[in-house]
Amino acid sequence: MDANKASAFIGKLWDDEVVPQITDYIKIPNKSPMFDKDWQAHGYMDAAVALMEKWARAKLASLPGATLEVVRLEGRTPLIFIDVPASGNAARVDDCVLLYGHLDKQPEMTGWSEGLGPWTPVLKGDRLYGRGGADDGYAIFGSLTALLALHDQGVPHARCVVMIEACEESGSYDLPYYVDHLAPRIGQPTLVVCLDSGCANYDQLWLTTSLRGMTGGELTVEVLTEGVHSGDASGVVPDSFRIVRDLLSRLEDPASGEILPKELYVEVPAERIEQAKQCAEILGDEVFDKFPWMPGMQPVSTDRVELILNRTWRPQLAVTGADGLPPLASAGNVLRPSTSLKLSLRLPPTANGAKSGVFVKQLLEADPPYGAKVSFKLEKDGGGWNAPQLSDWLNSAVSKASQDAFGAPAAYMGEGGSIPFMGMLGEKFPRAQFLITGVLGPHSNAHGPNEFLHIPTGKNVTAVVASVVAAHAQASADNLT
Ligand SMILES: [Zn+2]
């Protein structure tokens, strides 16, 4: 593959078509089903699918024999399935590459800067602002553009399957059904490409070596059947907020944030500790500077390696929502009947998500203080993922691809977030190698306000995918995959 020619092809297609397409996609409020129970009636998901389908179908004309189907299993979110036949006869016929992405979005979140908004695409310099452009709308466009760049030069590739799901931000609960349904059509991929991850800077290729799992749900403490005068009741009726606070202390040390039960930890592999040290070297204060701190705020630790390990290999809790608490403007002097919190507990990559969830439920519900009615409604239990040992062909392919696309060496880092599908794939395809990367770099703020897609990184990552898919075909022909 002529890397310069590929970069020029990719850059032009991004400017001419991909950026305008993603701009239109950002306008669609197709929130993941967990955040839009009436998603079917609203029709936004169908609109997002239709937008991508229309563009992809037009492009498939340049990929001989390629097919696209929007698969719709009864009562489930749709899935875009694209099958691109092998080209150039290099790869083994039974070999294939699976390229994954998702099209559902996180909800709005507050705090968007003036002039920006979740469903208002704004292009400012290199950045395209709006919900879902970077997480993960660009995946289908990047994947197909990479394949088009190969065809433009007649570079061989194995059969490629592109799967774009619509349930990822809800924990991918529909996806296993599609993987089973489509198993004969997917085949046995030896390379999985996932463009839904992060990068620690925009200067080089970042390969994701692990993803955390997660569990979580709604913790509710009920103490009264109705609210009462707080002057009358306080000191007699225990406040439900205090009980919640007490229960959370079973899970984490309130002073340090350290998760307490050893059952929620795993031993961190030595290689990952080594890579965390290298990351800390490369990134310096970017390890924490990338966050929008309030003046005077400091990170959990001054040790950058510890921060990286906390973020990638240790369990950590975030309280992401509350109920039973009126907004401040309407809060009277009432001892409220109940308090509910939404808990999001990230888990180490190799921890068992389902078991951890059951453990947390038992921990929180046991021996309720004062006999309060305590319930923890488990909502999600996604397993994490730890990359298999990188094979030699992929190692050199990734190095070359990063140099060609970014002009800098590749770097390796665990991610703090979760992509539930990767753990599932690792189990289903034990021989597969993984290229997991993405455009979610410093300040890109997926899930928060002011999310943006860094367009030069989108182009570079696309070029990396083209280069690695080409290298995969060669490795397959040489029986190395
Ligand atoms: Zn995503």
# chains A, B, ... in the order shown; residues from 1 in each chain; ligands from 1

call {"tool": "residues_near_ligand", "arguments": {"ligand": "ligand 1", "cutoff": "6 Å", "atoms": "only C-alpha atoms and all ligand atoms", "output": "MDAnalysis selection string"}}
result
chainID A and resid 135:136 196

call {"tool": "select_by_dssp", "arguments": {"residues": "stretch 234-409 of chain A", "states": "strand (DSSP E)", "output": "PyMOL selection string"}}
result
chain A and resi 316-323+334-335+338-347+373-382+385-386

call {"tool": "closest_residue", "arguments": {"among": "A:His443, A:Lys342, A:Lys428, A:Arg72", "to": "A:Ile186", "atoms": "only C-alpha atoms"}}
result
A:Lys428

call {"tool": "residues_around", "arguments": {"residues": "A:Ile282", "least_positions_apart": "2", "cutoff": "12 Å", "atoms": "only C-alpha atoms", "output": "ChimeraX atom specification"}}
result
/A:200-201,203-204,206,275-280,284-287,304-305,409-413

call {"tool": "closest_atom_pairs", "arguments": {"of": "stretch 341-425 of chain A", "to": "stretch 436-440 of chain A", "cutoff": "12 Å", "atoms": "only C-alpha atoms", "output": "Markdown table"}}
result
| residue | atom | partner | partner_atom | distance |
| --- | --- | --- | --- | --- |
| A:Trp385 | CA | A:Ile436 | CA | 11.1 |
| A:Asn386 | CA | A:Ile436 | CA | 11.2 |
| A:Ala387 | CA | A:Ile436 | CA | 9.3 |
| A:Pro388 | CA | A:Ile436 | CA | 11.9 |
| A:Leu390 | CA | A:Ile436 | CA | 11.9 |
| A:Leu394 | CA | A:Ile436 | CA | 11.9 |
| A:Val398 | CA | A:Ile436 | CA | 11.0 |
| A:Ser402 | CA | A:Thr437 | CA | 11.6 |
| A:Ala410 | CA | A:Thr437 | CA | 10.9 |
| A:Ala411 | CA | A:Thr437 | CA | 10.6 |
| A:Tyr412 | CA | A:Thr437 | CA | 9.8 |
| A:Met413 | CA | A:Thr437 | CA | 9.9 |
| A:Gly414 | CA | A:Ile436 | CA | 10.4 |
| A:Glu415 | CA | A:Thr437 | CA | 9.8 |
| A:Gly416 | CA | A:Leu440 | CA | 11.9 |
| A:Gly417 | CA | A:Leu440 | CA | 10.9 |
| A:Ser418 | CA | A:Ile436 | CA | 11.9 |
| A:Ile419 | CA | A:Ile436 | CA | 10.1 |
| A:Phe421 | CA | A:Ile436 | CA | 11.7 |
| A:Met422 | CA | A:Ile436 | CA | 9.1 |

call {"tool": "residues_around", "arguments": {"residues": "A:Ser340", "least_positions_apart": "2", "cutoff": "12 Å", "atoms": "only C-alpha atoms", "output": "number ranges by chain"}}
result
A: 217-223, 240-245, 247-248, 319-326, 336-338, 342-343, 373-377

call {"tool": "residues_around", "arguments": {"residues": "stretch 153-155 of chain A", "least_positions_apart": "5", "cutoff": "10 Å", "atoms": "only C-alpha atoms", "output": "list in words"}}
result
Met1, Asp2, Lys5, Ala6, Phe9, Ser87, Gly88, Ala90, Leu147, Leu148, Ala466, Ser467, Val469, Ala470, Ala471 and Ala473 of chain A

call {"tool": "write_last_selection", "arguments": {"atoms": "C-alpha atoms", "output": "compact mmCIF listing (two decimals), in the first residue's frame"}}
result
# COMPACT_ATOMS: atom_id res chain seq x y z
CA MET A 1 0.00 0.00 0.00
CA ASP A 2 1.25 3.47 -0.89
CA LYS A 5 -1.69 7.90 -1.66
CA ALA A 6 -3.95 6.24 0.92
CA PHE A 9 -7.59 9.39 -0.65
CA SER A 87 -10.10 -8.87 -2.73
CA GLY A 88 -6.86 -9.83 -4.48
CA ALA A 90 -4.15 -13.01 -0.86
CA LEU A 147 -11.59 -0.48 2.65
CA LEU A 148 -12.26 1.96 -0.19
CA ALA A 466 -6.39 0.42 5.94
CA SER A 467 -2.73 -0.34 6.59
CA VAL A 469 -6.15 -4.72 7.19
CA ALA A 470 -3.68 -4.88 4.27
CA ALA A 471 -1.00 -6.35 6.55
CA ALA A 473 -4.13 -10.18 4.29

call {"tool": "atom_distance", "arguments": {"atom1": "atom CA of A:Ala41", "atom2": "atom CA of A:Leu73"}}
result
16.3 Å

call {"tool": "decode", "arguments": {"residues": "stretch 240-254 of chain A", "atoms": "all heavy atoms", "output": "PDB file, in the first residue's frame"}}
result
ATOM      1  N   SER A 240     -32.727   9.149  55.276  1.00  0.00           N
ATOM      2  CA  SER A 240     -32.390   8.120  54.281  1.00  0.00           C
ATOM      3  C   SER A 240     -31.061   8.431  53.588  1.00  0.00           C
ATOM      4  O   SER A 240     -30.341   7.533  53.166  1.00  0.00           O
ATOM      5  CB  SER A 240     -33.517   7.980  53.252  1.00  0.00           C
ATOM      6  OG  SER A 240     -33.724   9.196  52.566  1.00  0.00           O
ATOM      7  N   PHE A 241     -30.720   9.705  53.478  1.00  0.00           N
ATOM      8  CA  PHE A 241     -29.440  10.063  52.845  1.00  0.00           C
ATOM      9  C   PHE A 241     -28.274   9.562  53.693  1.00  0.00           C
ATOM     10  O   PHE A 241     -27.283   9.052  53.183  1.00  0.00           O
ATOM     11  CB  PHE A 241     -29.343  11.588  52.668  1.00  0.00           C
ATOM     12  CG  PHE A 241     -28.173  12.009  51.818  1.00  0.00           C
ATOM     13  CD1 PHE A 241     -28.310  12.157  50.446  1.00  0.00           C
ATOM     14  CD2 PHE A 241     -26.924  12.242  52.381  1.00  0.00           C
ATOM     15  CE1 PHE A 241     -27.231  12.526  49.655  1.00  0.00           C
ATOM     16  CE2 PHE A 241     -25.842  12.605  51.602  1.00  0.00           C
ATOM     17  CZ  PHE A 241     -25.996  12.750  50.227  1.00  0.00           C
ATOM     18  N   ARG A 242     -28.398   9.691  54.997  1.00  0.00           N
ATOM     19  CA  ARG A 242     -27.326   9.224  55.883  1.00  0.00           C
ATOM     20  C   ARG A 242     -27.157   7.707  55.778  1.00  0.00           C
ATOM     21  O   ARG A 242     -26.048   7.186  55.762  1.00  0.00           O
ATOM     22  CB  ARG A 242     -27.617   9.620  57.337  1.00  0.00           C
ATOM     23  CG  ARG A 242     -26.531   9.162  58.320  1.00  0.00           C
ATOM     24  CD  ARG A 242     -26.653   9.881  59.660  1.00  0.00           C
ATOM     25  NE  ARG A 242     -27.873   9.532  60.385  1.00  0.00           N
ATOM     26  CZ  ARG A 242     -28.026   8.433  61.124  1.00  0.00           C
ATOM     27  NH1 ARG A 242     -27.050   7.553  61.232  1.00  0.00           N
ATOM     28  NH2 ARG A 242     -29.161   8.203  61.775  1.00  0.00           N
ATOM     29  N   ILE A 243     -28.258   7.012  55.645  1.00  0.00           N
ATOM     30  CA  ILE A 243     -28.175   5.551  55.518  1.00  0.00           C
ATOM     31  C   ILE A 243     -27.508   5.183  54.192  1.00  0.00           C
ATOM     32  O   ILE A 243     -26.650   4.304  54.133  1.00  0.00           O
ATOM     33  CB  ILE A 243     -29.578   4.907  55.655  1.00  0.00           C
ATOM     34  CG1 ILE A 243     -30.112   5.164  57.064  1.00  0.00           C
ATOM     35  CG2 ILE A 243     -29.522   3.413  55.361  1.00  0.00           C
ATOM     36  CD1 ILE A 243     -31.532   4.675  57.304  1.00  0.00           C
ATOM     37  N   VAL A 244     -27.869   5.892  53.128  1.00  0.00           N
ATOM     38  CA  VAL A 244     -27.222   5.638  51.836  1.00  0.00           C
ATOM     39  C   VAL A 244     -25.718   5.859  51.971  1.00  0.00           C
ATOM     40  O   VAL A 244     -24.895   5.062  51.497  1.00  0.00           O
ATOM     41  CB  VAL A 244     -27.808   6.565  50.745  1.00  0.00           C
ATOM     42  CG1 VAL A 244     -26.915   6.576  49.514  1.00  0.00           C
ATOM     43  CG2 VAL A 244     -29.202   6.109  50.351  1.00  0.00           C
ATOM     44  N   ARG A 245     -25.351   6.950  52.601  1.00  0.00           N
ATOM     45  CA  ARG A 245     -23.936   7.292  52.768  1.00  0.00           C
ATOM     46  C   ARG A 245     -23.214   6.189  53.544  1.00  0.00           C
ATOM     47  O   ARG A 245     -22.109   5.778  53.200  1.00  0.00           O
ATOM     48  CB  ARG A 245     -23.845   8.622  53.528  1.00  0.00           C
ATOM     49  CG  ARG A 245     -22.535   9.310  53.387  1.00  0.00           C
ATOM     50  CD  ARG A 245     -22.627  10.720  53.936  1.00  0.00           C
ATOM     51  NE  ARG A 245     -22.837  10.723  55.382  1.00  0.00           N
ATOM     52  CZ  ARG A 245     -22.633  11.786  56.161  1.00  0.00           C
ATOM     53  NH1 ARG A 245     -22.223  12.916  55.647  1.00  0.00           N
ATOM     54  NH2 ARG A 245     -22.841  11.720  57.453  1.00  0.00           N
ATOM     55  N   ASP A 246     -23.876   5.709  54.564  1.00  0.00           N
ATOM     56  CA  ASP A 246     -23.319   4.623  55.380  1.00  0.00           C
ATOM     57  C   ASP A 246     -23.138   3.356  54.534  1.00  0.00           C
ATOM     58  O   ASP A 246     -22.094   2.698  54.590  1.00  0.00           O
ATOM     59  CB  ASP A 246     -24.284   4.381  56.558  1.00  0.00           C
ATOM     60  CG  ASP A 246     -23.730   3.378  57.557  1.00  0.00           C
ATOM     61  OD1 ASP A 246     -22.497   3.185  57.582  1.00  0.00           O
ATOM     62  OD2 ASP A 246     -24.538   2.787  58.303  1.00  0.00           O
ATOM     63  N   LEU A 247     -24.146   3.040  53.722  1.00  0.00           N
ATOM     64  CA  LEU A 247     -24.070   1.824  52.889  1.00  0.00           C
ATOM     65  C   LEU A 247     -22.926   1.939  51.879  1.00  0.00           C
ATOM     66  O   LEU A 247     -22.204   0.978  51.623  1.00  0.00           O
ATOM     67  CB  LEU A 247     -25.397   1.594  52.157  1.00  0.00           C
ATOM     68  CG  LEU A 247     -26.593   1.231  53.041  1.00  0.00           C
ATOM     69  CD1 LEU A 247     -27.870   1.178  52.206  1.00  0.00           C
ATOM     70  CD2 LEU A 247     -26.373  -0.106  53.756  1.00  0.00           C
ATOM     71  N   LEU A 248     -22.761   3.126  51.306  1.00  0.00           N
ATOM     72  CA  LEU A 248     -21.686   3.303  50.320  1.00  0.00           C
ATOM     73  C   LEU A 248     -20.317   3.078  50.946  1.00  0.00           C
ATOM     74  O   LEU A 248     -19.379   2.646  50.284  1.00  0.00           O
ATOM     75  CB  LEU A 248     -21.750   4.706  49.699  1.00  0.00           C
ATOM     76  CG  LEU A 248     -22.907   4.968  48.750  1.00  0.00           C
ATOM     77  CD1 LEU A 248     -22.798   6.369  48.167  1.00  0.00           C
ATOM     78  CD2 LEU A 248     -22.959   3.932  47.629  1.00  0.00           C
ATOM     79  N   SER A 249     -20.224   3.357  52.236  1.00  0.00           N
ATOM     80  CA  SER A 249     -18.940   3.160  52.916  1.00  0.00           C
ATOM     81  C   SER A 249     -18.573   1.681  53.041  1.00  0.00           C
ATOM     82  O   SER A 249     -17.431   1.355  53.334  1.00  0.00           O
ATOM     83  CB  SER A 249     -18.963   3.787  54.317  1.00  0.00           C
ATOM     84  OG  SER A 249     -19.219   5.163  54.191  1.00  0.00           O
ATOM     85  N   ARG A 250     -19.554   0.810  52.835  1.00  0.00           N
ATOM     86  CA  ARG A 250     -19.219  -0.617  52.782  1.00  0.00           C
ATOM     87  C   ARG A 250     -18.431  -0.914  51.499  1.00  0.00           C
ATOM     88  O   ARG A 250     -17.674  -1.872  51.428  1.00  0.00           O
ATOM     89  CB  ARG A 250     -20.492  -1.472  52.757  1.00  0.00           C
ATOM     90  CG  ARG A 250     -21.351  -1.327  54.001  1.00  0.00           C
ATOM     91  CD  ARG A 250     -22.616  -2.167  53.858  1.00  0.00           C
ATOM     92  NE  ARG A 250     -23.463  -2.052  55.038  1.00  0.00           N
ATOM     93  CZ  ARG A 250     -24.604  -2.704  55.202  1.00  0.00           C
ATOM     94  NH1 ARG A 250     -25.054  -3.518  54.244  1.00  0.00           N
ATOM     95  NH2 ARG A 250     -25.303  -2.545  56.303  1.00  0.00           N
ATOM     96  N   LEU A 251     -18.684  -0.083  50.499  1.00  0.00           N
ATOM     97  CA  LEU A 251     -18.106  -0.323  49.179  1.00  0.00           C
ATOM     98  C   LEU A 251     -16.806   0.450  48.983  1.00  0.00           C
ATOM     99  O   LEU A 251     -15.830  -0.063  48.438  1.00  0.00           O
ATOM    100  CB  LEU A 251     -19.136   0.091  48.110  1.00  0.00           C
ATOM    101  CG  LEU A 251     -18.925  -0.333  46.674  1.00  0.00           C
ATOM    102  CD1 LEU A 251     -18.727  -1.839  46.561  1.00  0.00           C
ATOM    103  CD2 LEU A 251     -20.127   0.105  45.837  1.00  0.00           C
ATOM    104  N   GLU A 252     -16.779   1.695  49.414  1.00  0.00           N
ATOM    105  CA  GLU A 252     -15.565   2.496  49.190  1.00  0.00           C
ATOM    106  C   GLU A 252     -15.200   3.290  50.432  1.00  0.00           C
ATOM    107  O   GLU A 252     -16.049   3.657  51.227  1.00  0.00           O
ATOM    108  CB  GLU A 252     -15.741   3.438  47.992  1.00  0.00           C
ATOM    109  CG  GLU A 252     -16.656   4.606  48.258  1.00  0.00           C
ATOM    110  CD  GLU A 252     -16.642   5.685  47.170  1.00  0.00           C
ATOM    111  OE1 GLU A 252     -15.945   5.536  46.153  1.00  0.00           O
ATOM    112  OE2 GLU A 252     -17.351   6.678  47.364  1.00  0.00           O
ATOM    113  N   ASP A 253     -13.903   3.556  50.533  1.00  0.00           N
ATOM    114  CA  ASP A 253     -13.405   4.421  51.578  1.00  0.00           C
ATOM    115  C   ASP A 253     -13.780   5.857  51.203  1.00  0.00           C
ATOM    116  O   ASP A 253     -13.332   6.361  50.176  1.00  0.00           O
ATOM    117  CB  ASP A 253     -11.871   4.266  51.649  1.00  0.00           C
ATOM    118  CG  ASP A 253     -11.254   5.169  52.696  1.00  0.00           C
ATOM    119  OD1 ASP A 253     -11.827   6.243  52.974  1.00  0.00           O
ATOM    120  OD2 ASP A 253     -10.186   4.807  53.226  1.00  0.00           O
ATOM    121  N   PRO A 254     -14.631   6.530  52.017  1.00  0.00           N
ATOM    122  CA  PRO A 254     -15.109   7.852  51.605  1.00  0.00           C
ATOM    123  C   PRO A 254     -13.982   8.882  51.501  1.00  0.00           C
ATOM    124  O   PRO A 254     -14.113   9.863  50.776  1.00  0.00           O
ATOM    125  CB  PRO A 254     -16.118   8.236  52.686  1.00  0.00           C
ATOM    126  CG  PRO A 254     -15.867   7.327  53.830  1.00  0.00           C
ATOM    127  CD  PRO A 254     -15.204   6.093  53.288  1.00  0.00           C
TER     128      PRO A 254
END
